[in-house]
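Engineer: I'm passing along upload_12.cif; it holds mmCIF, C-alpha atoms and all ligand atoms.
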data_work
#
loop_
_atom_site.label_atom_id
_atom_site.label_comp_id
_atom_site.auth_asym_id
_atom_site.auth_seq_id
_atom_site.Cartn_x
_atom_site.Cartn_y
_atom_site.Cartn_z
CA MET A 1 23.09 5.94 6.99
CA LYS A 2 20.07 6.70 4.82
CA ASN A 3 18.10 9.92 4.61
CA VAL A 4 14.52 9.10 3.75
CA LEU A 5 11.44 11.26 3.26
CA VAL A 6 8.13 9.45 3.82
CA ILE A 7 5.37 11.44 2.12
CA GLY A 8 2.03 10.61 3.71
CA SER A 9 3.63 9.48 6.97
CA THR A 10 0.41 9.69 8.97
CA GLY A 11 -1.59 7.47 6.61
CA GLN A 12 -2.31 3.73 6.78
CA ILE A 13 1.01 2.59 5.29
CA GLY A 14 3.08 5.69 6.13
CA SER A 15 2.58 5.61 9.89
CA GLU A 16 3.98 2.09 10.16
CA LEU A 17 6.60 2.44 7.42
CA THR A 18 8.10 5.52 9.11
CA ARG A 19 8.43 3.62 12.41
CA GLU A 20 9.94 0.58 10.67
CA LEU A 21 12.46 2.68 8.72
CA ARG A 22 13.49 4.44 11.95
CA ARG A 23 13.90 1.08 13.65
CA ARG A 24 16.13 -0.18 10.83
CA TYR A 25 18.12 2.94 9.88
CA GLY A 26 18.01 5.08 13.05
CA ASN A 27 15.65 7.94 13.88
CA ASP A 28 17.56 10.97 12.68
CA GLY A 29 17.52 10.33 8.94
CA ILE A 30 13.85 9.40 8.54
CA VAL A 31 11.67 12.46 7.93
CA ALA A 32 7.92 12.10 8.50
CA GLY A 33 6.32 14.14 5.70
CA TYR A 34 2.77 15.36 6.30
CA ILE A 35 0.13 17.74 4.98
CA LYS A 36 -1.73 20.41 6.99
CA GLY A 37 -4.54 18.81 8.98
CA ALA A 38 -2.74 15.43 9.19
CA GLU A 39 0.27 16.31 11.32
CA PRO A 40 2.23 13.52 13.06
CA ARG A 41 1.49 13.02 16.75
CA GLY A 42 2.91 10.99 19.61
CA GLU A 43 5.77 8.64 18.84
CA LEU A 44 5.74 9.56 15.13
CA LYS A 45 6.33 13.21 16.01
CA GLU A 46 8.70 12.72 18.95
CA GLY A 47 10.63 9.84 17.35
CA GLY A 48 12.43 11.81 14.61
CA PRO A 49 12.29 14.77 12.25
CA SER A 50 9.10 15.77 10.48
CA ALA A 51 8.29 18.32 7.78
CA GLU A 52 5.30 19.56 5.84
CA ALA A 53 5.58 17.87 2.43
CA ASP A 54 2.60 18.42 0.13
CA VAL A 55 3.01 16.66 -3.24
CA THR A 56 1.03 19.39 -4.97
CA ASN A 57 3.73 21.92 -3.96
CA PRO A 58 7.03 21.05 -5.74
CA GLU A 59 9.02 23.91 -4.14
CA MET A 60 8.06 22.68 -0.68
CA ILE A 61 9.16 19.12 -1.53
CA ALA A 62 12.45 20.36 -3.03
CA GLU A 63 13.20 22.41 0.09
CA VAL A 64 12.61 19.45 2.43
CA VAL A 65 14.76 17.20 0.22
CA ARG A 66 17.65 19.69 0.18
CA LYS A 67 17.41 20.58 3.89
CA HIS A 68 17.46 16.94 5.05
CA LYS A 69 19.83 15.70 2.27
CA ILE A 70 17.22 13.11 1.28
CA ASP A 71 18.39 10.19 -0.88
CA THR A 72 15.17 8.11 -0.91
CA ILE A 73 11.51 9.18 -1.13
CA TYR A 74 8.61 6.90 -0.24
CA ASN A 75 5.72 8.65 -1.99
CA LEU A 76 2.56 7.35 -0.31
CA ALA A 77 0.25 10.24 -1.19
CA ALA A 78 -2.90 8.88 -2.86
CA LEU A 79 -6.66 8.53 -2.51
CA LEU A 80 -7.84 4.92 -2.16
CA SER A 81 -10.13 3.34 -4.76
CA VAL A 82 -13.61 4.13 -3.40
CA VAL A 83 -12.84 7.74 -2.41
CA ALA A 84 -11.07 8.29 -5.74
CA GLU A 85 -14.25 7.28 -7.62
CA LYS A 86 -16.07 10.05 -5.71
CA LYS A 87 -13.32 12.65 -6.31
CA PRO A 88 -11.66 11.68 -9.60
CA GLN A 89 -10.00 15.02 -10.31
CA LEU A 90 -8.47 15.22 -6.84
CA ALA A 91 -7.28 11.61 -7.21
CA TRP A 92 -5.45 12.57 -10.41
CA LYS A 93 -4.05 15.80 -8.92
CA ILE A 94 -2.54 13.98 -5.92
CA GLY A 95 -1.66 10.70 -7.64
CA ILE A 96 -0.28 11.90 -10.97
CA ASP A 97 0.44 15.65 -10.87
CA GLY A 98 1.89 14.99 -7.41
CA LEU A 99 3.98 12.08 -8.68
CA TRP A 100 5.31 14.24 -11.52
CA ASN A 101 6.43 16.83 -8.94
CA ILE A 102 8.18 14.16 -6.87
CA LEU A 103 9.94 12.64 -9.89
CA GLU A 104 11.25 16.05 -10.99
CA VAL A 105 12.60 16.78 -7.49
CA ALA A 106 14.13 13.29 -7.47
CA ARG A 107 15.77 13.85 -10.85
CA GLU A 108 17.30 17.15 -9.74
CA ASN A 109 18.45 15.83 -6.35
CA LYS A 110 19.35 12.25 -7.33
CA CYS A 111 16.83 10.52 -5.05
CA ALA A 112 15.43 7.01 -5.38
CA VAL A 113 11.61 6.92 -5.40
CA PHE A 114 9.10 4.28 -4.26
CA THR A 115 5.47 4.98 -5.30
CA PRO A 116 3.07 2.09 -4.69
CA SER A 117 0.90 0.61 -7.39
CA SER A 118 -1.98 -1.73 -6.58
CA ILE A 119 -4.02 -4.76 -7.59
CA GLY A 120 -6.36 -1.95 -8.73
CA SER A 121 -4.10 -1.38 -11.75
CA PHE A 122 -5.78 -4.39 -13.41
CA GLY A 123 -9.21 -4.46 -15.01
CA LEU A 124 -12.04 -6.71 -16.15
CA ASN A 125 -10.17 -8.07 -19.18
CA THR A 126 -7.03 -8.99 -17.20
CA PRO A 127 -6.63 -12.76 -16.55
CA HIS A 128 -8.18 -13.04 -13.05
CA THR A 129 -6.43 -16.12 -11.70
CA LYS A 130 -2.68 -16.08 -11.05
CA THR A 131 -2.57 -12.73 -12.86
CA PRO A 132 0.87 -12.57 -14.55
CA GLN A 133 3.42 -9.79 -13.94
CA ASP A 134 3.19 -8.53 -17.52
CA THR A 135 -0.38 -8.63 -18.79
CA VAL A 136 -3.37 -6.53 -19.92
CA GLN A 137 -3.89 -3.42 -17.73
CA ARG A 138 -7.08 -1.62 -18.79
CA PRO A 139 -8.71 -0.63 -15.45
CA GLY A 140 -12.10 1.08 -15.43
CA THR A 141 -11.60 3.12 -12.24
CA ILE A 142 -9.74 6.41 -11.87
CA TYR A 143 -7.72 4.74 -9.10
CA GLY A 144 -6.61 2.02 -11.49
CA ILE A 145 -5.94 4.48 -14.31
CA SER A 146 -3.75 6.56 -11.98
CA LYS A 147 -1.91 3.43 -10.77
CA VAL A 148 -1.11 2.27 -14.34
CA THR A 149 0.07 5.82 -15.09
CA THR A 150 2.19 5.74 -11.91
CA GLU A 151 3.92 2.58 -13.12
CA LEU A 152 4.49 3.95 -16.62
CA LEU A 153 5.68 7.41 -15.54
CA SER A 154 8.03 5.88 -12.99
CA ASP A 155 9.47 3.53 -15.65
CA TYR A 156 9.81 6.51 -18.00
CA TYR A 157 11.83 8.52 -15.45
CA PHE A 158 14.11 5.53 -14.91
CA LYS A 159 14.71 4.93 -18.63
CA LYS A 160 14.97 8.57 -19.69
CA TYR A 161 16.72 10.17 -16.70
CA GLY A 162 18.11 7.27 -14.66
CA VAL A 163 15.93 8.06 -11.63
CA ASP A 164 15.99 4.93 -9.41
CA THR A 165 12.23 4.28 -9.34
CA ARG A 166 10.82 1.02 -7.91
CA SER A 167 7.38 -0.15 -6.79
CA VAL A 168 5.09 -3.03 -5.93
CA ARG A 169 1.42 -3.64 -6.63
CA PHE A 170 0.02 -3.75 -3.11
CA PRO A 171 -2.89 -6.08 -2.35
CA GLY A 172 -5.39 -4.98 0.35
CA LEU A 173 -3.22 -4.25 3.39
CA ILE A 174 -4.48 -5.40 6.78
CA SER A 175 -3.27 -3.78 9.99
CA TYR A 176 -4.33 -3.06 13.56
CA VAL A 177 -2.44 0.26 13.78
CA THR A 178 -3.88 2.91 11.45
CA PRO A 179 -7.22 2.11 9.74
CA PRO A 180 -7.43 2.47 5.94
CA GLY A 181 -9.74 5.16 4.56
CA GLY A 182 -11.91 4.54 1.55
CA GLY A 183 -10.56 1.39 -0.07
CA THR A 184 -12.39 -1.59 -1.61
CA THR A 185 -10.48 -4.04 0.59
CA ASP A 186 -11.21 -2.15 3.87
CA TYR A 187 -13.79 -4.76 4.88
CA ALA A 188 -10.96 -7.18 5.65
CA VAL A 189 -9.74 -4.76 8.35
CA ASP A 190 -13.19 -3.70 9.62
CA ILE A 191 -14.24 -7.32 10.18
CA TYR A 192 -11.54 -7.74 12.86
CA TYR A 193 -12.70 -4.62 14.73
CA SER A 194 -16.29 -5.95 14.77
CA ALA A 195 -15.13 -9.37 15.98
CA VAL A 196 -13.14 -7.89 18.87
CA ARG A 197 -15.92 -5.44 19.81
CA GLY A 198 -18.38 -8.34 19.88
CA GLU A 199 -20.52 -6.76 17.13
CA LYS A 200 -22.18 -8.44 14.15
CA PHE A 201 -20.23 -7.55 10.97
CA VAL A 202 -22.14 -6.30 7.92
CA CYS A 203 -20.02 -7.15 4.88
CA PRO A 204 -20.17 -4.82 1.84
CA ILE A 205 -18.55 -7.38 -0.48
CA ARG A 206 -20.42 -10.41 -1.85
CA LYS A 207 -19.63 -13.94 -0.74
CA GLY A 208 -17.30 -15.64 -3.23
CA THR A 209 -15.45 -12.43 -4.21
CA LEU A 210 -11.75 -13.27 -4.08
CA MET A 211 -9.14 -10.54 -3.64
CA ASP A 212 -5.45 -10.56 -2.76
CA MET A 213 -4.68 -9.35 0.76
CA MET A 214 -1.53 -8.98 2.85
CA TYR A 215 -0.63 -8.41 6.48
CA MET A 216 1.06 -5.03 6.98
CA PRO A 217 4.41 -6.39 8.28
CA ASP A 218 4.83 -8.22 4.95
CA GLY A 219 3.83 -5.07 3.02
CA LEU A 220 6.43 -2.98 4.88
CA HIS A 221 9.05 -5.63 4.35
CA ALA A 222 8.28 -5.66 0.60
CA ALA A 223 8.63 -1.88 0.27
CA ILE A 224 11.96 -1.81 2.11
CA ALA A 225 13.41 -5.00 0.58
CA LEU A 226 12.69 -3.80 -2.96
CA MET A 227 14.39 -0.44 -2.32
CA GLU A 228 17.42 -2.30 -0.90
CA ALA A 229 17.54 -4.85 -3.74
CA ASP A 230 20.59 -5.20 -5.98
CA PRO A 231 19.62 -3.14 -9.08
CA SER A 232 21.58 -5.42 -11.41
CA ARG A 233 19.06 -8.22 -10.68
CA LEU A 234 15.98 -6.13 -11.49
CA VAL A 235 14.45 -6.96 -14.86
CA HIS A 236 11.28 -5.11 -13.86
CA ARG A 237 11.19 -1.89 -11.84
CA ASN A 238 7.70 -0.53 -11.31
CA GLY A 239 4.71 -2.55 -10.43
CA PHE A 240 6.00 -5.88 -9.08
CA ASN A 241 3.16 -8.30 -8.29
CA ILE A 242 3.47 -9.41 -4.64
CA ALA A 243 1.14 -11.89 -2.98
CA SER A 244 0.65 -13.73 0.28
CA MET A 245 -3.04 -14.70 0.56
CA SER A 246 -6.28 -14.51 -1.39
CA PHE A 247 -9.68 -15.05 0.25
CA ASP A 248 -13.37 -14.18 0.02
CA PRO A 249 -15.48 -12.73 2.89
CA GLU A 250 -16.69 -16.18 3.95
CA GLU A 251 -13.16 -17.53 4.38
CA ILE A 252 -11.93 -14.68 6.57
CA PHE A 253 -15.18 -14.87 8.59
CA GLN A 254 -14.77 -18.61 9.19
CA THR A 255 -11.11 -18.13 10.15
CA ILE A 256 -12.05 -15.47 12.73
CA ARG A 257 -14.84 -17.73 14.05
CA ARG A 258 -12.26 -20.34 14.99
CA TYR A 259 -11.04 -17.82 17.58
CA LYS A 260 -14.42 -16.15 18.25
CA PRO A 261 -17.10 -18.88 17.94
CA GLY A 262 -20.02 -16.49 18.60
CA PHE A 263 -19.03 -14.00 15.88
CA GLU A 264 -21.77 -13.27 13.31
CA MET A 265 -21.75 -11.77 9.80
CA ALA A 266 -24.47 -10.57 7.41
CA TYR A 267 -24.18 -9.18 3.88
CA ALA A 268 -25.30 -5.75 2.60
CA VAL A 269 -23.47 -5.46 -0.72
CA ASP A 270 -22.25 -1.98 -1.64
CA PRO A 271 -22.66 -1.71 -5.46
CA LEU A 272 -19.65 0.60 -5.99
CA LYS A 273 -17.29 -1.48 -3.87
CA GLN A 274 -18.58 -4.70 -5.44
CA SER A 275 -18.12 -3.46 -9.00
CA ILE A 276 -14.55 -2.41 -8.21
CA ALA A 277 -13.82 -5.74 -6.49
CA ASP A 278 -15.26 -7.68 -9.46
CA SER A 279 -12.81 -5.95 -11.78
CA TRP A 280 -9.75 -6.88 -9.69
CA PRO A 281 -7.81 -10.17 -9.86
CA ASP A 282 -8.68 -13.20 -7.72
CA SER A 283 -4.98 -13.91 -7.15
CA LEU A 284 -1.61 -12.66 -8.40
CA ASP A 285 1.42 -14.52 -9.72
CA ASP A 286 4.38 -12.96 -7.87
CA SER A 287 7.16 -15.15 -9.30
CA CYS A 288 9.08 -12.16 -10.79
CA ALA A 289 9.37 -10.52 -7.34
CA ARG A 290 10.50 -13.85 -5.88
CA GLU A 291 13.14 -14.29 -8.61
CA GLU A 292 14.41 -10.71 -8.91
CA TRP A 293 14.63 -9.63 -5.24
CA ASP A 294 13.84 -12.74 -3.18
CA TRP A 295 10.35 -11.61 -2.12
CA GLN A 296 8.73 -13.97 0.35
CA PRO A 297 5.76 -13.31 2.64
CA ARG A 298 5.73 -14.51 6.25
CA TYR A 299 2.01 -14.44 7.09
CA ASP A 300 -0.97 -16.42 5.82
CA LEU A 301 -4.64 -15.91 6.74
CA ASP A 302 -4.39 -18.02 9.86
CA THR A 303 -1.21 -16.51 11.36
CA MET A 304 -2.39 -13.00 10.45
CA THR A 305 -5.77 -13.58 12.14
CA ALA A 306 -4.17 -14.78 15.36
CA ASP A 307 -1.87 -11.74 15.44
CA MET A 308 -4.59 -9.21 14.48
CA LEU A 309 -6.96 -10.45 17.16
CA LYS A 310 -4.25 -10.46 19.82
CA HIS A 311 -3.21 -6.87 19.10
CA LEU A 312 -6.75 -5.53 18.67
CA GLU A 313 -7.86 -7.12 21.99
CA GLU A 314 -5.01 -5.14 23.57
CA LYS A 315 -5.76 -1.92 21.66
CA LEU A 316 -9.54 -1.87 22.23
CA LYS A 317 -9.38 -2.95 25.88
C1 LIG B 1 -8.03 -0.17 -2.04
O1 LIG B 1 -8.86 -1.02 -1.72
O2 LIG B 1 -8.31 0.87 -2.66
C2 LIG B 1 -6.58 -0.45 -1.71
C3 LIG B 1 -5.89 -1.19 -2.78
C4 LIG B 1 -6.00 -2.65 -2.89
O3 LIG B 1 -5.22 -0.61 -3.58
N1 LIG B 1 -6.51 -1.13 -0.46
#
Let's see the structure in the file written out as C-alpha cells.
Ligand code: AKB
Structural biologist:
Amino acid sequence: MKNVLVIGSTGQIGSELTRELRRRYGNDGIVAGYIKGAEPRGELKEGGPSAEADVTNPEMIAEVVRKHKIDTIYNLAALLSVVAEKKPQLAWKIGIDGLWNILEVARENKCAVFTPSSIGSFGLNTPHTKTPQDTVQRPGTIYGISKVTTELLSDYYFKKYGVDTRSVRFPGLISYVTPPGGGTTDYAVDIYYSAVRGEKFVCPIRKGTLMDMMYMPDGLHAAIALMEADPSRLVHRNGFNIASMSFDPEEIFQTIRRYKPGFEMAYAVDPLKQSIADSWPDSLDDSCAREEWDWQPRYDLDTMTADMLKHLEEKLK
C-alpha cells in the first residue's frame, strides 16, 4: 500500500497520473493535490482523497503529508515553456522555490520525490541529434533554466540528505484527456482536435522542426516505473532521457491524413515558440533509462495517431 500526494493533480499530466496511480495502488492512498481555482471535479474528486497543496506554502504541504502519511510525492507544479517566458519570476517561484519547499518536507518526512524535467533543459549548444544523457545543458529559456536547476537540486538532496529523488526529461506529451496549457509542443495535441473537428490546422511551428514527443500512457508508465525501480541499479537519478518518437509538423500532418484524407494544414510561425523549438534537441538518446530501469515505450506516431483519433471522435461527438 502506497500513500502518494500528486501535486498539480488537475493539470495535463496530473489528472491522468492520479487516475493511473489509483488504478494501480487503490483509491484511498492517492491524494489529489490542487490549488485554489483548480479544484478536482468529477471522477478525480469522487474517486479518492484530495487536499489543497500549494507548493509556495510549505506548512500546507507538510500538513497534508503528515495527515495522509504520504511516502511519495509527484511534484507536477510548473509553468510550461511559453507561459514561463511571459512570467519568468512566477515560473521560478513555482518551479524552484516550490521545489525547495517540497524537498524540505520530503527530507523531514522521509518521502520519495518525482519532479519532471524536460527536453527544455537542453539548449542551442547541446548536440541536437541523439542527445546523450550526460551532455551540455545551457538553456536560454527560464523554463530550461528552472528544469536544469530542478535536476541539480534534486540530485543535491539525494546526495546530501538521502532524499529518494528521481525524474525523467519529458518530451512533448500528447493526450486526449486534459489539454496542455502554454507549451512549445502543444501544436502536436491541437492538430488532432482540428482534424477531428474538421477544421484546417494553422501550425505555429515551422516545417522541418524536429522535436521529441510521447503519448501520455507511455509518459505515465515512465513516471511510475522509475519510482518503482530498484535503486541499486540507478547510476543516474534526476533527468533520465526518455524517448519514443521524434517528428516535424509535416510528418504528424501526413500521418493524420492517412486517417482523414481531407484534412488541411497551413503555417503561421509563432516566433517565440519557434525560437524555443529551435533550441531543443531533434531526438534524445534514452539508452541509460533502458539500461538502468528497463524503460521501453509502447506507442509510435502511427499507433498513437490511431488511438488519439478514436478517443477524440468519441469525446467531441
Ligand atoms: C513544453 O512544450 O513546454 C513542454 C515540454 C516539452 O516540456 N511540453
Engineer: Counting only C-alpha atoms and all ligand atoms, what are the residues, protein, DNA or RNA alike, that approach ligand LIG 1 (chain B) to within 10 Å? I want them as a ChimeraX atom specification.
Structural biologist: /A:12,78-84,116-121,143-144,147,169-174,180-188,211-214,273,276-277,280
Engineer: Go ahead and compute the interatomic distance for atom CA of A:Asp155 and atom CA of A:Asn238, in Å to one decimal.
Structural biologist: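 Pair atom CA of A:Asp155 / atom CA of A:Asn238 returns 6.2 Å.
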Engineer: Rank A:Gly48, A:Gly14, A:Gly123, A:Gly95 by their smallest atom-to-atom distance to A:Glu151, using all atoms listed in the file, and report the top residue only.
Structural biologist: A:Gly95
Engineer: Quick one, how far is atom CA of A:Tyr193 from atom CA of A:Gly208?
Structural biologist: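 Separation between atom CA of A:Tyr193 and atom CA of A:Gly208: 21.6 Å.
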Engineer: Kindly provide, as a PyMOL selection string, the polymer residues lying within 12 Å of (5.9, -19.0, -6.4), counting only C-alpha atoms and using the coordinates exactly as they appear in the file.
Structural biologist: chain A and resi 130+132+241-244+284-291+294-297
Engineer: Please identify all polymer residues within 12 Å of A:Lys36, counting only C-alpha atoms, omitting same-chain residues fewer than 6 positions from it, and present them as JSON, numbers by chain.
Structural biologist: {"A": [8, 10, 51, 52, 53, 54, 55]}
Engineer: Determine the nearest neighbour of A:Pro271 from the options A:Thr209, A:Trp293, A:Met245, A:Pro204, counting only C-alpha atoms.
Structural biologist: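 Under the stated criterion, the closest residue is A:Pro204.
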Engineer: Under the rule that only C-alpha atoms are counted, which of A:Thr72, A:Ala225, A:Val113, A:Thr56 is the nearest residue to A:Lys93?
Structural biologist: A:Thr56
Engineer: Since the input lacks atoms, please generate all heavy atoms for stretch 256-267 of chain A and provide them as a CSV table (one decimal), in the frame of the given file.
Structural biologist:
chain,number,residue,atom,x,y,z
A,256,ILE,N,-11.9,-16.2,11.5
A,256,ILE,CA,-12.0,-15.5,12.7
A,256,ILE,C,-12.9,-16.3,13.7
A,256,ILE,O,-12.7,-16.3,14.9
A,256,ILE,CB,-12.7,-14.1,12.5
A,256,ILE,CG1,-11.7,-13.2,11.6
A,256,ILE,CG2,-13.0,-13.4,13.8
A,256,ILE,CD1,-12.2,-11.9,11.1
A,257,ARG,N,-13.9,-17.0,13.2
A,257,ARG,CA,-14.8,-17.7,14.0
A,257,ARG,C,-14.1,-18.9,14.8
A,257,ARG,O,-14.6,-19.3,15.9
A,257,ARG,CB,-16.0,-18.3,13.2
A,257,ARG,CG,-17.2,-17.4,13.4
A,257,ARG,CD,-18.3,-17.9,12.4
A,257,ARG,NE,-18.9,-19.1,12.9
A,257,ARG,CZ,-20.0,-19.2,13.6
A,257,ARG,NH1,-20.7,-18.1,14.0
A,257,ARG,NH2,-20.5,-20.4,13.9
A,258,ARG,N,-13.0,-19.3,14.3
A,258,ARG,CA,-12.3,-20.3,15.0
A,258,ARG,C,-11.8,-19.8,16.3
A,258,ARG,O,-11.6,-20.5,17.3
A,258,ARG,CB,-11.1,-20.9,14.1
A,258,ARG,CG,-11.5,-21.7,12.9
A,258,ARG,CD,-10.6,-22.8,12.6
A,258,ARG,NE,-9.3,-22.3,12.3
A,258,ARG,CZ,-8.9,-22.0,11.0
A,258,ARG,NH1,-9.7,-22.1,10.0
A,258,ARG,NH2,-7.7,-21.5,10.8
A,259,TYR,N,-11.5,-18.5,16.3
A,259,TYR,CA,-11.0,-17.8,17.6
A,259,TYR,C,-12.2,-17.2,18.4
A,259,TYR,O,-12.1,-17.0,19.6
A,259,TYR,CB,-10.0,-16.7,17.3
A,259,TYR,CG,-8.8,-17.2,16.6
A,259,TYR,CD1,-8.8,-17.4,15.2
A,259,TYR,CD2,-7.7,-17.5,17.3
A,259,TYR,CE1,-7.6,-17.9,14.6
A,259,TYR,CE2,-6.5,-18.0,16.7
A,259,TYR,CZ,-6.5,-18.2,15.3
A,259,TYR,OH,-5.4,-18.7,14.7
A,260,LYS,N,-13.3,-16.8,17.6
A,260,LYS,CA,-14.4,-16.2,18.2
A,260,LYS,C,-15.7,-16.9,17.8
A,260,LYS,O,-16.4,-16.5,16.9
A,260,LYS,CB,-14.5,-14.7,17.8
A,260,LYS,CG,-13.3,-13.9,18.0
A,260,LYS,CD,-13.6,-12.8,19.0
A,260,LYS,CE,-12.4,-12.2,19.6
A,260,LYS,NZ,-12.5,-11.9,21.0
A,261,PRO,N,-16.0,-18.0,18.4
A,261,PRO,CA,-17.1,-18.9,17.9
A,261,PRO,C,-18.5,-18.2,17.8
A,261,PRO,O,-19.3,-18.5,17.0
A,261,PRO,CB,-17.1,-20.0,19.0
A,261,PRO,CG,-15.8,-20.0,19.7
A,261,PRO,CD,-15.3,-18.6,19.6
A,262,GLY,N,-18.7,-17.1,18.6
A,262,GLY,CA,-20.0,-16.5,18.6
A,262,GLY,C,-20.1,-15.4,17.6
A,262,GLY,O,-21.2,-14.8,17.4
A,263,PHE,N,-19.1,-15.1,16.8
A,263,PHE,CA,-19.0,-14.0,15.9
A,263,PHE,C,-20.0,-14.2,14.7
A,263,PHE,O,-20.1,-15.3,14.2
A,263,PHE,CB,-17.6,-13.9,15.3
A,263,PHE,CG,-17.4,-12.7,14.4
A,263,PHE,CD1,-17.9,-11.5,14.7
A,263,PHE,CD2,-16.6,-12.9,13.3
A,263,PHE,CE1,-17.7,-10.4,13.8
A,263,PHE,CE2,-16.4,-11.8,12.4
A,263,PHE,CZ,-17.0,-10.6,12.7
A,264,GLU,N,-20.8,-13.1,14.4
A,264,GLU,CA,-21.8,-13.3,13.3
A,264,GLU,C,-21.5,-12.3,12.2
A,264,GLU,O,-21.0,-11.2,12.4
A,264,GLU,CB,-23.2,-12.9,13.9
A,264,GLU,CG,-23.7,-14.0,14.8
A,264,GLU,CD,-25.1,-13.6,15.3
A,264,GLU,OE1,-25.2,-12.8,16.3
A,264,GLU,OE2,-26.1,-13.9,14.6
A,265,MET,N,-21.9,-12.7,11.0
A,265,MET,CA,-21.8,-11.8,9.8
A,265,MET,C,-23.0,-11.8,8.9
A,265,MET,O,-23.6,-12.9,8.7
A,265,MET,CB,-20.5,-12.2,9.0
A,265,MET,CG,-20.3,-11.3,7.8
A,265,MET,SD,-18.7,-11.6,7.0
A,265,MET,CE,-19.0,-13.0,6.0
A,266,ALA,N,-23.4,-10.6,8.4
A,266,ALA,CA,-24.5,-10.6,7.4
A,266,ALA,C,-23.9,-9.8,6.2
A,266,ALA,O,-22.8,-9.2,6.3
A,266,ALA,CB,-25.6,-9.8,8.0
A,267,TYR,N,-24.6,-9.9,5.1
A,267,TYR,CA,-24.2,-9.2,3.9
A,267,TYR,C,-25.1,-8.0,3.5
A,267,TYR,O,-26.3,-8.2,3.6
A,267,TYR,CB,-24.1,-10.1,2.7
A,267,TYR,CG,-23.0,-11.2,2.8
A,267,TYR,CD1,-23.2,-12.4,3.4
A,267,TYR,CD2,-21.7,-10.9,2.3
A,267,TYR,CE1,-22.2,-13.3,3.4
A,267,TYR,CE2,-20.7,-11.8,2.4
A,267,TYR,CZ,-20.9,-13.0,3.0
A,267,TYR,OH,-19.9,-13.9,3.1
